[in-house]
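The structure appears below as C-alpha cells.
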Amino acid sequence: MDPAIYRKRWHKVRDSKADADEMHQLARQIAFSFIDKHFQNGAYVAEYIDLLCEMATFYSKAELSNLASAALFEIVVEKLCDDFEDLPIEIYSRVMCQVVSYCRTVPAGKTLDAQLASFGIVSPDELYRRAVATHTRAYRRDPAKAPRRVVLLSRVTIGADVAILSVMIQRLRRLFPDADMVVVGSRKLEGLFGGNPDVRIRELGYARRGGLFERFASWHATLDILREELAEGEESVLVIDPDSRISQLGVLPVMHTDNYLFFNTRDHVLTANGHCMAEWANAWIDGVFGVPDFAYPTIWIPPTLTTTAQAKIDSLRAAGARHIVAMNLGVGQNPRKRLSVEFEKRLLGALVAVPGTVVVLDRGFGADEQERSALLIAETRKHGFPAMETAFAETNAPALAHGVVAIECGIGAMAALIAHSDEYIGYDSACQHIAAAARTPTLTIFAGSNNKNFIRRWSACGETDCRIVHVNTLSDS
C-alpha cells in the first residue's frame, strides 16, 4: 500500500482514542510493505521508515510506542540482519541511519544527538558514509604494536559470543599475552567466560525489546565504559566490534581514533565461502594481523558451576544411567526456529524409550518455554517413563537411571551440565555453540530458514561431532 494511505490511517489512529490493536496491526503492515517493496524490486521507500519512527516516538505511553518500535526492529531490521546477500548490508545501514537521524530530531533524542555530534557526525549523510566506510574498510594492524588493553564488544546473543568472541579472546591472548582483556556484555557471560582469569567482564544490558531509545541505551552505556577504559589514552587501547548490536552493527561510532577494528560478519565474500562463523572469525584475525593461526570456540565455566554439575551428572550415572543427553528447546525469542510441541513430545519420547537413557532437560527461560517444558514432562509421565523436576541450586543430586530430569538453571549452569553429558540436542540457539565449545557431541535442529548461508554460518564448530538436521518449515517436511 502507498505510504500516503498509511499516513492517513496513522493520523486517524493518532487523532482518536489510542487503540493498541489497531496500532499494532498498522505498524506491522507498514513494516511488511517496506520489506515487500525491497524484495520486489530493490526499492528503498524511506516514507515507510519515517512513519514507523514517528509512531514509535509519538506516545508517552511505552505500551503504544513500543508497538511501532517492535514492528520496525522485528520485521525490518532483524529481517535485513538475517539475510546474507550483500545488498541487505547496504539497506540495513540506510534504515538504521534513517532511524537514528530521525531520533536525533525529537526531544527525547537530545543526548543521542549530542553524542553523535561529539564524533563530528551532524547530518544523516555523514552517518551513512561513516557506516559504509566501517563496513567496507580493509582493517590491518601490525602485531608488533601491542596494545595495553583490548576491549571486545559483545554480540549481545550468547551463541554468537561463544562462536565469535571466545575465538577472538584466544587468538588475541596469543598475539598480545600481556594485554588487559575486557569484554563488554551481559552478566550471563560470567557463567561462560568467568572461569578465565585473563578476561574482565564489564556488565552491560541490552534491550532486545522496548522502545527506540531503550535500544540505543546500551550504546550510551558502552561509551561511558569506554571512557573509563580509555582514560589513560586511546592510542594504547584496541577496540574490536564483531558486528555488535551495541553499535547497531557498526552504524554508531564508539571511538575517535583508528584503534577500532570492525568484523563485518555479513560480508558477501565471506558468505560465499561456506564457512561457519568461528572459521570466519579466525580468517578475519588472520587477515587483520597477518599471523595465521586457529582457535576453536571454547568456554571457561566458573569452577563452582563445574563442580555442582559434575556432582549431579555423577549421581545419575551412579543410579544406573548409561547415556545422558542434555537438551534445551529454547529459541532465543525467535519462534520461527521452533517446531511444534508435538514434534518435541515425539523427540523426547524416542530418546527416553532407549533403556538407560536420561534426558537432562533445561526448563527454559520465560513463561512460554517453561510451559512447554511442563507439557513435555506431563507427556513423559503419561507414557509411563520417570520424570522429575529439580533446580540446579538444589543441594540434593538427582538419582535416576532412566527418564527425564527437568532442571531449572541459568545459562552458565546449563553449560556446565552440557559439558558433562554424553550428547546435546536442541534447536539453533546458544546451547548448540556451548555444546560444541565444551566438546560434547552436538545435534542441532535448524528450522525457520531455508537459506543455506544462514545454516552454514551458524552451524556449531568444535573439536567434536557436530551434526545438523534441517527442517523445511515452508513445506513441513
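The chains in the C-alpha cells are called A, B, ... from first to last as shown; in each chain the residues are counted from 1, and the ligands are counted from 1 in the order shown.
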
query: Per DSSP on the backbone, what are the strand (DSSP E or B) residues of region 56-191 of chain A, as a VMD selection string?
result: chain A and resid 149 to 153 180 to 185

Convert the current residue selection to file output with N, CA, C and O atoms, as a PDB file, in the first residue's frame.
ATOM      1  N   ARG A 149      45.582  -2.634  26.277  1.00  0.00           N
ATOM      2  CA  ARG A 149      44.283  -3.212  26.614  1.00  0.00           C
ATOM      3  C   ARG A 149      43.520  -3.526  25.339  1.00  0.00           C
ATOM      4  O   ARG A 149      43.610  -2.790  24.353  1.00  0.00           O
ATOM      5  N   VAL A 150      42.779  -4.624  25.357  1.00  0.00           N
ATOM      6  CA  VAL A 150      41.896  -4.981  24.247  1.00  0.00           C
ATOM      7  C   VAL A 150      40.472  -5.032  24.795  1.00  0.00           C
ATOM      8  O   VAL A 150      40.193  -5.740  25.767  1.00  0.00           O
ATOM      9  N   VAL A 151      39.571  -4.270  24.170  1.00  0.00           N
ATOM     10  CA  VAL A 151      38.166  -4.251  24.574  1.00  0.00           C
ATOM     11  C   VAL A 151      37.343  -4.869  23.448  1.00  0.00           C
ATOM     12  O   VAL A 151      37.393  -4.405  22.312  1.00  0.00           O
ATOM     13  N   LEU A 152      36.588  -5.904  23.786  1.00  0.00           N
ATOM     14  CA  LEU A 152      35.728  -6.562  22.806  1.00  0.00           C
ATOM     15  C   LEU A 152      34.272  -6.303  23.146  1.00  0.00           C
ATOM     16  O   LEU A 152      33.852  -6.490  24.287  1.00  0.00           O
ATOM     17  N   LEU A 153      33.495  -5.881  22.157  1.00  0.00           N
ATOM     18  CA  LEU A 153      32.066  -5.674  22.357  1.00  0.00           C
ATOM     19  C   LEU A 153      31.329  -6.988  22.163  1.00  0.00           C
ATOM     20  O   LEU A 153      31.608  -7.736  21.218  1.00  0.00           O
ATOM     21  N   ASP A 180      45.590  -6.347  28.807  1.00  0.00           N
ATOM     22  CA  ASP A 180      44.400  -6.488  29.643  1.00  0.00           C
ATOM     23  C   ASP A 180      43.224  -6.775  28.714  1.00  0.00           C
ATOM     24  O   ASP A 180      42.981  -6.037  27.754  1.00  0.00           O
ATOM     25  N   MET A 181      42.467  -7.862  28.971  1.00  0.00           N
ATOM     26  CA  MET A 181      41.387  -8.279  28.082  1.00  0.00           C
ATOM     27  C   MET A 181      40.044  -7.963  28.736  1.00  0.00           C
ATOM     28  O   MET A 181      39.746  -8.437  29.839  1.00  0.00           O
ATOM     29  N   VAL A 182      39.240  -7.157  28.053  1.00  0.00           N
ATOM     30  CA  VAL A 182      37.953  -6.709  28.597  1.00  0.00           C
ATOM     31  C   VAL A 182      36.845  -7.060  27.612  1.00  0.00           C
ATOM     32  O   VAL A 182      36.968  -6.813  26.415  1.00  0.00           O
ATOM     33  N   VAL A 183      35.748  -7.641  28.132  1.00  0.00           N
ATOM     34  CA  VAL A 183      34.560  -7.923  27.326  1.00  0.00           C
ATOM     35  C   VAL A 183      33.416  -7.081  27.865  1.00  0.00           C
ATOM     36  O   VAL A 183      33.123  -7.110  29.065  1.00  0.00           O
ATOM     37  N   VAL A 184      32.790  -6.309  26.987  1.00  0.00           N
ATOM     38  CA  VAL A 184      31.633  -5.501  27.364  1.00  0.00           C
ATOM     39  C   VAL A 184      30.388  -6.264  26.953  1.00  0.00           C
ATOM     40  O   VAL A 184      30.119  -6.436  25.760  1.00  0.00           O
ATOM     41  N   GLY A 185      29.637  -6.762  27.940  1.00  0.00           N
ATOM     42  CA  GLY A 185      28.476  -7.574  27.597  1.00  0.00           C
ATOM     43  C   GLY A 185      27.628  -7.955  28.791  1.00  0.00           C
ATOM     44  O   GLY A 185      27.817  -7.464  29.903  1.00  0.00           O
TER      45      GLY A 185
END

Would you mind listing, for every residue of region 183-284 of chain A within 9 Å of region 121-134 of chain A, the two atoms forming the shortest contact and the distance between them in Å to one decimal, using only C-alpha atoms, sorted by chain and ascending residue number, as a tab-separated table?
residue	atom	partner	partner_atom	distance
A:Leu249	CA	A:Ala131	CA	8.8
A:Gly250	CA	A:Ala131	CA	6.2
A:Val251	CA	A:Ala131	CA	4.8
A:Leu252	CA	A:Ala131	CA	7.7
A:Pro253	CA	A:Arg130	CA	8.5
A:Leu261	CA	A:Thr134	CA	8.7
A:Phe262	CA	A:Thr134	CA	6.8
A:Asn264	CA	A:Thr134	CA	8.6

query: Contacts of Asp258 (chain A) at 12 Å or less, counting only C-alpha atoms, minus same-chain residues fewer than 5 places along, as a ChimeraX atom specification?
result: /A:134,137,139-141,234-240,253

query: So, counting only C-alpha atoms, which residue among A:Phe119, A:Phe213, A:Tyr296, A:Tyr6 is closest to Glu463 (chain A)?
result: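 Going through A:Phe119, A:Phe213, A:Tyr296, A:Tyr6 one by one, the smallest distance to Glu463 (chain A) is for A:Tyr296.
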
- line: What separates CA of Phe385 (chain A) and CA of Ile411 (chain A) is a distance of 26.8 Å

query: Excluding same-chain residues fewer than 4 positions from Ala447 (chain A), what lies within 12 Å of it counting only C-alpha atoms, as a ChimeraX atom specification?
result: /A:331,334-340,426-429,451-452,454-455,468-477

Take the residues just selected and output them with N, CA and C atoms as a compact mmCIF listing (two decimals), in the first residue's frame.
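Listed below is the output, selection.txt:
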# COMPACT_ATOMS: atom_id res chain seq x y z
N VAL A 331 14.60 -21.01 21.90
CA VAL A 331 14.88 -20.50 20.55
C VAL A 331 15.30 -19.03 20.58
N ASN A 334 12.98 -16.30 19.22
CA ASN A 334 12.70 -16.34 17.79
C ASN A 334 11.84 -17.58 17.49
N PRO A 335 10.52 -17.45 17.59
CA PRO A 335 9.65 -18.62 17.44
C PRO A 335 9.74 -19.30 16.08
N ARG A 336 10.28 -18.62 15.07
CA ARG A 336 10.41 -19.26 13.76
C ARG A 336 11.33 -20.47 13.80
N LYS A 337 12.25 -20.49 14.76
CA LYS A 337 13.21 -21.59 14.85
C LYS A 337 12.63 -22.83 15.52
N ARG A 338 11.43 -22.73 16.03
CA ARG A 338 10.84 -23.81 16.82
C ARG A 338 9.87 -24.63 15.99
N LEU A 339 9.84 -25.94 16.23
CA LEU A 339 8.85 -26.81 15.64
C LEU A 339 7.70 -26.99 16.64
N SER A 340 6.73 -27.79 16.30
CA SER A 340 5.55 -27.93 17.13
C SER A 340 5.86 -28.67 18.42
N GLY A 426 19.26 -29.88 20.46
CA GLY A 426 18.45 -28.68 20.61
C GLY A 426 18.30 -27.96 19.29
N TYR A 427 17.54 -26.87 19.33
CA TYR A 427 17.37 -26.02 18.15
C TYR A 427 18.61 -25.16 17.94
N ASP A 428 18.61 -24.44 16.82
CA ASP A 428 19.66 -23.46 16.55
C ASP A 428 19.56 -22.33 17.56
N SER A 429 20.37 -22.40 18.60
CA SER A 429 20.38 -21.37 19.64
C SER A 429 21.71 -21.45 20.36
N ASN A 451 17.71 -20.80 4.05
CA ASN A 451 18.87 -20.14 3.49
C ASN A 451 20.12 -20.93 3.88
N LYS A 452 20.75 -21.54 2.90
CA LYS A 452 21.91 -22.39 3.19
C LYS A 452 23.05 -21.59 3.81
N PHE A 454 22.75 -19.10 5.90
CA PHE A 454 22.44 -18.94 7.32
C PHE A 454 22.81 -20.21 8.09
N ILE A 455 22.43 -21.35 7.54
CA ILE A 455 22.68 -22.62 8.23
C ILE A 455 24.18 -22.89 8.32
N ILE A 468 23.78 -31.63 12.01
CA ILE A 468 22.57 -30.81 11.91
C ILE A 468 21.46 -31.62 11.24
N VAL A 469 20.22 -31.25 11.56
CA VAL A 469 19.04 -31.72 10.85
C VAL A 469 18.28 -30.48 10.41
N HIS A 470 18.14 -30.30 9.11
CA HIS A 470 17.41 -29.14 8.60
C HIS A 470 15.96 -29.53 8.36
N VAL A 471 15.06 -28.73 8.89
CA VAL A 471 13.63 -28.95 8.70
C VAL A 471 13.08 -27.83 7.83
N ASN A 472 12.54 -28.21 6.68
CA ASN A 472 11.98 -27.24 5.75
C ASN A 472 10.60 -26.86 6.24
N THR A 473 10.51 -25.78 7.00
CA THR A 473 9.22 -25.39 7.57
C THR A 473 8.27 -24.80 6.55
N LEU A 474 8.77 -24.49 5.35
CA LEU A 474 7.88 -23.98 4.31
C LEU A 474 6.98 -25.07 3.78
N SER A 475 7.45 -26.33 3.87
CA SER A 475 6.63 -27.44 3.38
C SER A 475 6.34 -28.46 4.47
N ASP A 476 6.77 -28.13 5.71
CA ASP A 476 6.55 -29.04 6.85
C ASP A 476 7.17 -30.41 6.62
N SER A 477 8.31 -30.42 5.92
CA SER A 477 8.94 -31.72 5.65
C SER A 477 10.27 -31.81 6.39

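For Ala207 (chain A), the set of protein, DNA and RNA residues having any atom at most 12 Å away, when counting only C-alpha atoms and skipping those fewer than 5 positions along the same chain, is Asn66, Ser69, Ala70, Phe73, Val156, Thr157, Ser186, Leu212, Phe213, Glu214, Arg215, Phe216, Ala217, Ser218, Trp219, Arg245 and Ile246 of chain A.
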
Can you write just those residues out, all heavy atoms, as a short mmCIF file (atom, residue, chain, number, x, y, z; two decimals), in the first residue's frame?
data_model
loop_
_atom_site.label_atom_id
_atom_site.label_comp_id
_atom_site.auth_asym_id
_atom_site.auth_seq_id
_atom_site.Cartn_x
_atom_site.Cartn_y
_atom_site.Cartn_z
N ASN A 66 6.02 1.29 21.82
CA ASN A 66 6.80 0.08 21.62
C ASN A 66 6.23 -0.83 20.55
O ASN A 66 6.94 -1.68 20.00
CB ASN A 66 6.95 -0.69 22.93
CG ASN A 66 7.85 0.03 23.92
OD1 ASN A 66 8.38 1.10 23.62
ND2 ASN A 66 8.00 -0.53 25.11
N SER A 69 7.95 0.36 17.46
CA SER A 69 9.36 0.00 17.58
C SER A 69 9.57 -1.48 17.33
O SER A 69 10.51 -1.89 16.64
CB SER A 69 9.86 0.39 18.98
OG SER A 69 11.19 -0.03 19.16
N ALA A 70 8.68 -2.31 17.89
CA ALA A 70 8.79 -3.76 17.69
C ALA A 70 8.64 -4.12 16.22
O ALA A 70 9.38 -4.96 15.69
CB ALA A 70 7.74 -4.49 18.54
N PHE A 73 11.88 -3.11 14.31
CA PHE A 73 13.06 -3.95 14.54
C PHE A 73 12.82 -5.41 14.16
O PHE A 73 13.65 -6.03 13.50
CB PHE A 73 13.51 -3.84 16.01
CG PHE A 73 14.45 -2.70 16.24
CD1 PHE A 73 13.96 -1.42 16.41
CD2 PHE A 73 15.81 -2.89 16.25
CE1 PHE A 73 14.82 -0.34 16.60
CE2 PHE A 73 16.68 -1.84 16.44
CZ PHE A 73 16.19 -0.55 16.62
N VAL A 156 25.81 -9.53 21.89
CA VAL A 156 24.55 -9.49 22.63
C VAL A 156 23.93 -10.88 22.75
O VAL A 156 23.52 -11.28 23.83
CB VAL A 156 23.53 -8.48 22.03
CG1 VAL A 156 22.19 -8.59 22.73
CG2 VAL A 156 24.08 -7.07 22.14
N THR A 157 23.88 -11.64 21.67
CA THR A 157 23.36 -13.01 21.76
C THR A 157 24.47 -13.94 22.25
O THR A 157 25.60 -13.89 21.76
CB THR A 157 22.82 -13.49 20.42
OG1 THR A 157 23.83 -13.38 19.43
CG2 THR A 157 21.62 -12.67 19.99
N SER A 186 26.72 -8.87 28.56
CA SER A 186 25.72 -9.29 29.54
C SER A 186 26.33 -9.97 30.75
O SER A 186 27.38 -10.62 30.67
CB SER A 186 24.73 -10.25 28.86
OG SER A 186 23.96 -10.94 29.81
N LEU A 212 12.60 2.71 20.89
CA LEU A 212 13.80 3.06 20.12
C LEU A 212 14.93 3.52 21.04
O LEU A 212 16.07 3.09 20.90
CB LEU A 212 13.47 4.14 19.10
CG LEU A 212 12.49 3.77 17.98
CD1 LEU A 212 12.37 4.92 16.99
CD2 LEU A 212 12.93 2.51 17.25
N PHE A 213 14.62 4.39 21.96
CA PHE A 213 15.68 4.95 22.79
C PHE A 213 16.21 3.93 23.79
O PHE A 213 17.37 4.00 24.19
CB PHE A 213 15.18 6.22 23.48
CG PHE A 213 14.88 7.33 22.50
CD1 PHE A 213 13.57 7.63 22.16
CD2 PHE A 213 15.91 8.03 21.89
CE1 PHE A 213 13.29 8.63 21.24
CE2 PHE A 213 15.64 9.03 20.97
CZ PHE A 213 14.33 9.32 20.64
N GLU A 214 15.38 2.99 24.18
CA GLU A 214 15.87 1.91 25.03
C GLU A 214 16.90 1.07 24.29
O GLU A 214 17.88 0.59 24.88
CB GLU A 214 14.71 1.02 25.48
CG GLU A 214 13.76 1.67 26.45
CD GLU A 214 12.58 0.78 26.77
OE1 GLU A 214 12.72 -0.08 27.66
OE2 GLU A 214 11.52 0.94 26.13
N ARG A 215 16.72 0.89 23.01
CA ARG A 215 17.65 0.09 22.22
C ARG A 215 18.98 0.80 22.01
O ARG A 215 20.00 0.16 21.76
CB ARG A 215 17.02 -0.28 20.88
CG ARG A 215 15.82 -1.20 21.03
CD ARG A 215 15.07 -1.37 19.72
NE ARG A 215 13.81 -2.06 19.87
CZ ARG A 215 13.63 -3.37 19.71
NH1 ARG A 215 14.66 -4.13 19.39
NH2 ARG A 215 12.45 -3.93 19.86
N PHE A 216 18.96 2.12 22.08
CA PHE A 216 20.20 2.88 21.96
C PHE A 216 20.90 3.08 23.31
O PHE A 216 22.03 3.55 23.35
CB PHE A 216 19.94 4.25 21.32
CG PHE A 216 19.39 4.18 19.92
CD1 PHE A 216 18.40 5.07 19.51
CD2 PHE A 216 19.83 3.22 19.03
CE1 PHE A 216 17.88 5.01 18.22
CE2 PHE A 216 19.32 3.15 17.74
CZ PHE A 216 18.34 4.04 17.33
N ALA A 217 20.21 2.73 24.39
CA ALA A 217 20.76 2.99 25.72
C ALA A 217 22.07 2.24 25.95
O ALA A 217 22.97 2.74 26.64
CB ALA A 217 19.74 2.60 26.80
N SER A 218 22.19 1.03 25.38
CA SER A 218 23.42 0.25 25.59
C SER A 218 24.61 0.92 24.90
O SER A 218 25.75 0.79 25.36
CB SER A 218 23.25 -1.17 25.07
OG SER A 218 22.99 -1.18 23.69
N TRP A 219 24.36 1.63 23.80
CA TRP A 219 25.45 2.37 23.13
C TRP A 219 25.94 3.50 24.04
O TRP A 219 27.15 3.66 24.23
CB TRP A 219 24.97 2.92 21.80
CG TRP A 219 25.98 3.79 21.10
CD1 TRP A 219 27.21 3.41 20.62
CD2 TRP A 219 25.85 5.19 20.80
NE1 TRP A 219 27.85 4.49 20.04
CE2 TRP A 219 27.04 5.59 20.14
CE3 TRP A 219 24.85 6.13 21.03
CZ2 TRP A 219 27.24 6.90 19.70
CZ3 TRP A 219 25.05 7.42 20.58
CH2 TRP A 219 26.23 7.79 19.93
N ARG A 245 25.33 -5.56 18.11
CA ARG A 245 24.11 -4.76 18.21
C ARG A 245 24.32 -3.54 19.09
O ARG A 245 23.53 -2.59 19.03
CB ARG A 245 22.97 -5.62 18.77
CG ARG A 245 22.49 -6.70 17.82
CD ARG A 245 21.32 -7.47 18.40
NE ARG A 245 20.95 -8.60 17.57
CZ ARG A 245 20.11 -8.55 16.55
NH1 ARG A 245 19.56 -7.39 16.23
NH2 ARG A 245 19.81 -9.63 15.86
N ILE A 246 25.34 -3.56 19.92
CA ILE A 246 25.64 -2.40 20.75
C ILE A 246 25.90 -1.17 19.87
O ILE A 246 25.44 -0.07 20.15
CB ILE A 246 26.86 -2.68 21.66
CG1 ILE A 246 26.52 -3.77 22.66
CG2 ILE A 246 27.30 -1.40 22.37
CD1 ILE A 246 27.73 -4.27 23.44
#

Counting only C-alpha atoms, what are the residues of region 389-428 of chain A within 9 Å of region 438-442 of chain A, and for each of them which pair of atoms is the nearest and at what distance in Å, to one decimal? Sort the table by chain and rising number, as JSON lines.
{"residue": "A:Ala415", "atom": "CA", "partner": "A:Ala438", "partner_atom": "CA", "distance": 8.0}
{"residue": "A:Ala416", "atom": "CA", "partner": "A:Ala438", "partner_atom": "CA", "distance": 8.6}
{"residue": "A:Ile418", "atom": "CA", "partner": "A:Thr440", "partner_atom": "CA", "distance": 7.0}
{"residue": "A:Ala419", "atom": "CA", "partner": "A:Ala438", "partner_atom": "CA", "distance": 5.2}
{"residue": "A:His420", "atom": "CA", "partner": "A:Thr440", "partner_atom": "CA", "distance": 7.9}
{"residue": "A:Ser421", "atom": "CA", "partner": "A:Thr440", "partner_atom": "CA", "distance": 7.0}
{"residue": "A:Asp422", "atom": "CA", "partner": "A:Thr440", "partner_atom": "CA", "distance": 6.4}
{"residue": "A:Glu423", "atom": "CA", "partner": "A:Pro441", "partner_atom": "CA", "distance": 5.0}
{"residue": "A:Tyr424", "atom": "CA", "partner": "A:Thr442", "partner_atom": "CA", "distance": 4.9}
{"residue": "A:Ile425", "atom": "CA", "partner": "A:Thr442", "partner_atom": "CA", "distance": 6.1}
{"residue": "A:Gly426", "atom": "CA", "partner": "A:Thr442", "partner_atom": "CA", "distance": 8.4}
